[in-house]
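Engineer: The structure that follows is given in the form of structure tokens.
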Amino acid sequence: MKASDDVAKLRLLLVEPRARGLGIGRAWSTNASVFARAAGYSKITLWTQSILVEAHRVYQSAGFARVATHPHAEFGHALIGETWERAL
């Protein structure tokens, strides 16, 4: 989705447990980057949780880097939210 005129925001990546490890997350991030670049965005951002370690590997391999962390309790538990970004 559009976060600003030059920044795309990825909203959700959910891979069912039985499909994990098949490269679906990697394909998703690659396709999202290709689409965002073609649409004229210069950067992609996403928000995730520190406890989602497997997802971090997908983001890192796609060129994303964590740029901010922030504690919150939006889902009824004390969590650390993370903002990740990737230049296109």
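Just so we're on the same page: first chain in the structure tokens is A, next is B, and so on; residues restart at 1 for each chain, and ligands are numbered from 1 in the order they show up.
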So that I can check the surroundings of A:Thr48, please list as number ranges by chain every protein, DNA and RNA residue that reaches within 7 Å of it, counting only C-alpha atoms and ignoring chain neighbours fewer than 2 positions away.
Structural biologist: A: 46, 50, 81-83
Engineer: Could you pull the residues within 12 Å of stretch 17-30 of chain A, counting only C-alpha atoms, minus those fewer than 6 positions along the same chain, as a list of chain:residue names?
Structural biologist: A:Lys9, A:Leu10, A:Arg11, A:Ala36, A:Arg37, A:Ile44, A:Thr45, A:Leu46, A:Glu54, A:Ala55, A:His56, A:Arg57, A:Val58, A:Tyr59, A:Gln60, A:Ser61, A:Ala62, A:Gly63, A:Phe64, A:Glu85, A:Arg86, A:Leu88
Engineer: Output as JSON, numbers by chain all residues of chain A that backbone DSSP marks as helix (DSSP H, G or I).
Structural biologist: {"A": [17, 18, 19, 24, 25, 26, 27, 28, 29, 30, 31, 32, 33, 34, 35, 36, 37, 38, 53, 54, 55, 56, 57, 58, 59, 60, 61]}
Engineer: In Å to one decimal, how far is atom CA of A:Pro71 from atom CA of A:Ala32?
Structural biologist: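 So the answer is 27.2 Å.
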